[in-house]
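**Student:** My structure is below; once you've seen it, I'll send some questions.
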Amino acid sequence: MEFDFIFVLGLLIAVFAVPSFASAYADKRRPSRALLLVLIGGGIIYYAIVMNPGAYSLSTVDETVLRVIGWLLNE
């Protein structure tokens with residue numbers, strides 16, 4: 001379960017990069033924070049995939065996210 005939590009945390013950080021990219025584009029400035037968020041989120045996702053090989057695929061992302069949400073609500 002700990003690698004599932006790490007994977008979902010990486011996804012959440014990477015998703016937060018999207019509004020940052022949009023804000024930087026709208027203000028015509030460099031998206032340095034967005035790039036940092038993508039690198040951090042991608043690194044966390046990569047770590048979870050490498051440490052738990054075969055557990056994550058594009059078809060299991062939604063199940064993993066729901067499993068982590070359920071785990072957090074039941075704790």
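Residues are named by chain letter and number: chains run A, B, ... in the order of the structure tokens, numbers start at 1 in each chain, and ligands are numbered from 1 in the order shown.
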Name the residues in contact with A:Glu2 at a cut-off of 10 Å, using only C-alpha atoms, excluding same-chain residues fewer than 5 positions from it; report them as a PDB file with C-alpha atoms, in the first residue's frame.

**Tutor:**
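Listing of selection.pdb after writing:
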```
ATOM      1  CA  PHE A   7       2.299   6.734  -6.770  1.00  0.00           C
ATOM      2  CA  VAL A   8      -0.885   8.711  -6.079  1.00  0.00           C
ATOM      3  CA  ALA A  48       6.972   3.895  -7.225  1.00  0.00           C
ATOM      4  CA  VAL A  68      -5.631   4.989  -1.728  1.00  0.00           C
TER       5      VAL A  68
END
```

**Student:** Within 12 Å of A:Val18, counting only C-alpha atoms, which residues show up once you throw out same-chain ones fewer than 2 positions away? Write them as a PyMOL selection string, please.

**Tutor:** chain A and resi 11-16+20-25+31+33-38+41

**Student:** Please save N, CA, C and O atoms of the selected residues as a short mmCIF file (atom, residue, chain, number, x, y, z; two decimals), in the first residue's frame.

**Tutor:**
```cif
data_model
loop_
_atom_site.label_atom_id
_atom_site.label_comp_id
_atom_site.auth_asym_id
_atom_site.auth_seq_id
_atom_site.Cartn_x
_atom_site.Cartn_y
_atom_site.Cartn_z
N LEU A 11 1.17 11.53 -8.71
CA LEU A 11 0.13 11.98 -9.64
C LEU A 11 -0.47 13.31 -9.21
O LEU A 11 -0.70 14.19 -10.05
N LEU A 12 -0.73 13.45 -7.94
CA LEU A 12 -1.32 14.68 -7.42
C LEU A 12 -0.39 15.87 -7.64
O LEU A 12 -0.83 16.95 -8.07
N ILE A 13 0.88 15.69 -7.39
CA ILE A 13 1.85 16.77 -7.60
C ILE A 13 1.93 17.12 -9.08
O ILE A 13 1.97 18.31 -9.44
N ALA A 14 1.93 16.11 -9.95
CA ALA A 14 1.98 16.38 -11.38
C ALA A 14 0.72 17.08 -11.87
O ALA A 14 0.79 17.93 -12.76
N VAL A 15 -0.43 16.76 -11.30
CA VAL A 15 -1.67 17.43 -11.70
C VAL A 15 -1.65 18.90 -11.29
O VAL A 15 -2.19 19.75 -12.00
N PHE A 16 -1.03 19.21 -10.17
CA PHE A 16 -0.93 20.61 -9.74
C PHE A 16 -0.08 21.45 -10.69
O PHE A 16 -0.11 22.67 -10.63
N SER A 20 -0.45 25.69 -12.96
CA SER A 20 0.76 26.50 -12.94
C SER A 20 1.25 26.80 -14.36
O SER A 20 1.68 27.92 -14.66
N PHE A 21 1.18 25.80 -15.23
CA PHE A 21 1.52 26.02 -16.64
C PHE A 21 0.58 27.04 -17.27
O PHE A 21 1.01 27.94 -17.99
N ALA A 22 -0.72 26.91 -17.01
CA ALA A 22 -1.70 27.82 -17.59
C ALA A 22 -1.49 29.24 -17.09
O ALA A 22 -1.59 30.21 -17.86
N SER A 23 -1.18 29.40 -15.83
CA SER A 23 -0.93 30.72 -15.27
C SER A 23 0.31 31.36 -15.87
O SER A 23 0.32 32.54 -16.20
N ALA A 24 1.35 30.59 -16.00
CA ALA A 24 2.58 31.10 -16.59
C ALA A 24 2.37 31.48 -18.05
O ALA A 24 2.89 32.51 -18.51
N TYR A 25 1.62 30.69 -18.78
CA TYR A 25 1.33 31.00 -20.18
C TYR A 25 0.50 32.28 -20.29
O TYR A 25 0.76 33.12 -21.15
N PRO A 31 7.58 29.04 -17.12
CA PRO A 31 6.87 28.12 -16.22
C PRO A 31 7.82 27.31 -15.34
O PRO A 31 7.79 26.08 -15.33
N ARG A 33 8.05 26.99 -12.00
CA ARG A 33 7.41 26.21 -10.94
C ARG A 33 6.69 25.00 -11.50
O ARG A 33 6.72 23.92 -10.90
N ALA A 34 6.05 25.19 -12.64
CA ALA A 34 5.34 24.07 -13.26
C ALA A 34 6.33 22.97 -13.67
O ALA A 34 6.06 21.78 -13.48
N LEU A 35 7.43 23.36 -14.23
CA LEU A 35 8.45 22.37 -14.61
C LEU A 35 8.99 21.64 -13.39
O LEU A 35 9.23 20.43 -13.43
N LEU A 36 9.19 22.37 -12.30
CA LEU A 36 9.66 21.75 -11.07
C LEU A 36 8.63 20.75 -10.54
O LEU A 36 8.99 19.65 -10.11
N LEU A 37 7.35 21.12 -10.59
CA LEU A 37 6.31 20.21 -10.13
C LEU A 37 6.25 18.95 -11.00
O LEU A 37 6.06 17.85 -10.49
N VAL A 38 6.40 19.12 -12.31
CA VAL A 38 6.38 17.96 -13.20
C VAL A 38 7.58 17.05 -12.92
O VAL A 38 7.44 15.82 -12.87
N GLY A 41 6.92 15.34 -9.42
CA GLY A 41 5.85 14.35 -9.55
C GLY A 41 6.28 13.17 -10.40
O GLY A 41 6.02 12.01 -10.06
#
```

**Student:** For atom CA of A:Ile45 and atom CA of A:Asn74, determine how far apart the two atoms are, in Å to one decimal place.

**Tutor:**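 Result for atom CA of A:Ile45 versus atom CA of A:Asn74: 23.8 Å, one decimal.
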
**Student:** My list of candidates is A:Gly42, A:Arg29, A:Thr60, A:Asn52. Which is closest to A:Ala17 when distances are computed with only C-alpha atoms?

**Tutor:** A:Gly42

**Student:** Using DSSP on the backbone, list every residue of chain A that comes out as helix (DSSP H, G or I), and give them as number ranges by chain.

**Tutor:** A: 2-15, 17-26, 32-51, 58-74

**Student:** Check the smallest atom-to-atom distance from each of A:Leu58, A:Met51, A:Ile6, A:Met1 to A:Trp71 using only C-alpha atoms, then report the winner.

**Tutor:**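 Once distances to A:Trp71 are computed over only C-alpha atoms, the minimum belongs to A:Met1.
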